[in-house]
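Student: The structure that follows is given in the form of structure tokens.
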Amino acid sequence: MTAVKARALRSGATHAILLLFSFLALLPFVSILLISVYPADQAPSGLALPHSIDLANYSRAWQAGNFATLLRSSTIVAVCVVTLASVLCILSGYAFGTMNFPGKSVLFILFLLGLLLPFEAVIIPLYYDERSVGLTNTYAGLILPEAALFLSFGTFWMRAHFLSTPRPLVEAARLDGSNSWSTLWRILVPNARAPISAMLVLFFIWSWNEFLLALVLAQDPQVQTAPAGLSFFFGEHTTDTSTLAAAAVIVTTPVLIVYVFLQRRFIQGVTSGSVR
Amino acid sequence: MVAYLYLAPALILISLFVLFPLLHTVYLSFFRWDGVTVGTWVGMRNYQQIVDDPQLRALFAHSLVLVLFYAVLPIMFALLITALFARRTIRGMTFYRAVLFVPQAVSLVVVAVAWQWVYAASGVANQFLGFLGLNRHIAWLGDFNWALPAIGLIGSWLLTGLCLVLFLSGVQKIDAELYEAARMDGASAWHEFRHVTLPGLRAELSVAVTLTVVAALKSFDLVYVLTKGGPGTSTSVPGLEIFERAFIRQQVGSAASLGVVLTLLILSVTILIDRLSKDPQ
């Protein structure tokens with residue numbers, strides 16, 4: 001009897017603590033959401049429920065922050081980074097995971113280096129070199145370094161999954177006269193659908209949220225991405241609380257939609273042990 | 001040989017946008033350069049300055065404070081909670097995991113916007129103090145003593161959920177028989193934690209330490225948006241100083257030397273954690 005009681009008590013406490021932490025995790029975002037629907041002249045900075053809901057903040061933020069352009073740029077950059085980086089990672093992961101070749105370990109270390117570097121290690125020459133060849137303030141100038149910096153993670157990620165693909169599957173394809181290219185795309189890739197979608201989600205969210213590279217390499221409002229745009233908006237509208245809140249919601253919505261549907265894959269990727 | 005063809009596209013991209021810039025950063029760190037005119041070779045002087053200049057040394061001291069908030073607090077806290085509820089299957093864990101992980105998916109600029117209201121004069125932080133009966137209105141982000149811990153606390157908030165998710169899922173994988181055996185031996189809760197839970201979480205701990213320490217060392221976004229290093233230089237960190245010297249104050253060489261030092265620091269910390277976590281006892 002007491003054992004049952006103790007267990008119930010313990011499980012109750014577990015849920016109480018986890019609920020508390022869940023509440024704390026969402027609290028700042030809930031407060032943004034509440035502030036964003038406050039009538040502009042009454043916005044509080046503390047936590048309080050609005051008496052009436054005013055969605056005009058959103059249209060005001062949309063106009064003032066130039067969010068149509070920002071979201072378009074963010075989408076272009078994220079989609080290109082995800083596509084480019086994923087394809088290259090599948091190819092290089094395939095090489096590292098299933099083939100032997102001279103220089104493999106040296107190349108492996110070069111890729112590993114990219115996994116550990118902070119972006120601060122490369123941002124200075126990236127800017128000055130891109131400026132000298134006219135790549136700053138272009139989409140390519142942001143897409144290429146982002147994709148390159150994500151490649152290390154993706155290569156290791158795909159290598160690990162290709163390594164764990166059952167050998168007989170690959171051997172059978174070889175015996176059927178399938179060359180390495182069609183073995184990859186007809187056997188290995190369909191078998192790795194789960195890890196590939198995890199990689200796509202990670203790349204999308206990383207790219208959407210990338211701040212330092214975007215801030216430095218894409219300063220022109222025409223190619224600026226949403227987080228960088230929001231940081232400028234923040235500097236100019238600190239006192240206009242509800243418009244700023246609406247702007248923050250606008251920037252977050254696309255990633256949240258992706259997150260809601262694919263959170264399991266995202267968590268799997270982040271907790272896998274990559275540094276980034 | 002066909003392997004090289006598969007590797008080539010990735011290798012070209014990495015060489016152009018990661019490896020070459022990395023070498024270029026090292027090269028620039030030996031110059032005094034304003035970003036426009038021709039630079040002058042100054043040898044190790046930029047590095048000497050990091051050792052000599054108290055303001056540059058302070059950058060790394062601030063990083064150390066952030067490590068406390070970003071890594072030590074969240075890990076201790078998440079371990080404590082994990083120890084209390086060790087090896088119990090938690091119903092609804094998928095839901096909790098999804099919610100606890102939300103902050104990881106949101107842009108840090110948005111996180112910064114949300115927290116500047118928490119720290120505002122009539123914000124949640126001061127409301128909470130009032131609730132405790134302390135009617136002191138602290139200007140958290142504008143105070144020389146409080147600004148750095150206030151930013152650190154955002155890191156604690158950000159990373160506790162990550163550590164919790166890691167540990168709670170890791171502890172489920174520990175063999176239940178180990179706990180049975182410990183119970184049979186009449187092991188205390190501390191003993192059970194020390195000899196079963198902790199060793200069982202080795203892999204997760206190493207991931208958590210690496211992710212959180214590196215996040216603290218390379219912090220830039222929150223500081224840039226919230227304080228720009230101020231008030232004074234009380235929240236200046238290497239990431240921010242690199243940005244300001246390289247792109248605003250035209251001290252590109254000095255910024256590059258800071259970048260090299262930060263990179264070496266992160267590399268050695270990561271490798272050290274990896275070594276320690278592999279060493280069996």
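Convention: chains lettered A, B, ... in structure tokens order; per-chain residue numbering from 1; ligands numbered from 1 as shown.
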Between chain B and chain A, at 6 Å or less, what are the per-residue closest atom pairs and their distances in Å? Count only C-alpha atoms, order by chain and rising residue number, and return it as JSON lines.
Tutor:
```
{"residue": "B:Ala3", "atom": "CA", "partner": "A:Ala95", "partner_atom": "CA", "distance": 5.2}
{"residue": "B:Tyr6", "atom": "CA", "partner": "A:Leu91", "partner_atom": "CA", "distance": 5.1}
{"residue": "B:Leu7", "atom": "CA", "partner": "A:Ser92", "partner_atom": "CA", "distance": 4.7}
{"residue": "B:Ala10", "atom": "CA", "partner": "A:Leu88", "partner_atom": "CA", "distance": 5.5}
{"residue": "B:Leu13", "atom": "CA", "partner": "A:Ala148", "partner_atom": "CA", "distance": 5.6}
{"residue": "B:Ile14", "atom": "CA", "partner": "A:Ala148", "partner_atom": "CA", "distance": 5.1}
{"residue": "B:Phe17", "atom": "CA", "partner": "A:Pro145", "partner_atom": "CA", "distance": 5.2}
{"residue": "B:Pro21", "atom": "CA", "partner": "A:Val122", "partner_atom": "CA", "distance": 5.2}
{"residue": "B:Leu22", "atom": "CA", "partner": "A:Val122", "partner_atom": "CA", "distance": 5.2}
{"residue": "B:Val99", "atom": "CA", "partner": "A:Ser22", "partner_atom": "CA", "distance": 5.8}
{"residue": "B:Leu100", "atom": "CA", "partner": "A:Ser22", "partner_atom": "CA", "distance": 5.4}
{"residue": "B:Ser107", "atom": "CA", "partner": "A:Asn209", "partner_atom": "CA", "distance": 4.7}
{"residue": "B:Val110", "atom": "CA", "partner": "A:Ala248", "partner_atom": "CA", "distance": 5.6}
{"residue": "B:Ala114", "atom": "CA", "partner": "A:Pro28", "partner_atom": "CA", "distance": 5.3}
{"residue": "B:Trp117", "atom": "CA", "partner": "A:Ser45", "partner_atom": "CA", "distance": 5.3}
{"residue": "B:Ser122", "atom": "CA", "partner": "A:Gly46", "partner_atom": "CA", "distance": 5.8}
{"residue": "B:Gly123", "atom": "CA", "partner": "A:Gly46", "partner_atom": "CA", "distance": 4.1}
{"residue": "B:Val124", "atom": "CA", "partner": "A:Gly46", "partner_atom": "CA", "distance": 5.1}
{"residue": "B:Val207", "atom": "CA", "partner": "A:Gly273", "partner_atom": "CA", "distance": 5.0}
{"residue": "B:Leu211", "atom": "CA", "partner": "A:Val275", "partner_atom": "CA", "distance": 5.6}
{"residue": "B:Gly259", "atom": "CA", "partner": "A:Ala121", "partner_atom": "CA", "distance": 5.0}
```
Student: Could you pull the residues within 10 Å of range 142-149 of chain B, counting only C-alpha atoms, minus those fewer than 3 positions along the same chain, as a PyMOL selection string?
Tutor: chain B and resi 62-63+65-66+68-69+119-120+138-139+152-155+223+226-227+229-237
Student: Would you work out the distance separating CA of Ala189 in chain B from CA of Ser156 in chain B, expressed in Å to one decimal?
Tutor: 26.3 Å
Student: Taking the DSSP secondary structure from the backbone, can you list the residues of range 40-219 of chain A that are helix (DSSP H, G or I), as a PyMOL selection string?
Tutor: chain A and resi 40-42+56-64+67-98+104-116+119-121+123-132+139-163+167-175+180-191+193-209+212-217
Student: Could you name the residues that touch Thr197 in chain B at 9 Å or less, counting only C-alpha atoms, but leaving out those on the same chain fewer than 4 positions away, as a ChimeraX atom specification?
Tutor: /B:82-83,86-87,171,174,179,192-193,201-202
Student: Which value, in Å to one decimal, gives the distance between CA of Phe220 in chain B and CA of Glu241 in chain B?
Tutor: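 Taking CA of Phe220 in chain B as the start and CA of Glu241 in chain B as the end point, the length is 9.2 Å.
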Student: Extract, using only C-alpha atoms, all DNA, RNA and protein residues at most 10 Å from Leu23 in chain B, discarding same-chain residues fewer than 3 positions from it, and format them as a list in words.
Tutor: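 Skipping anything fewer than 3 positions along the chain leaves Ala121, Val122 and Pro125 of chain A; Val18, Leu19, Phe20, Val26, Tyr27, Leu28, Ser29 and Val260 of chain B.
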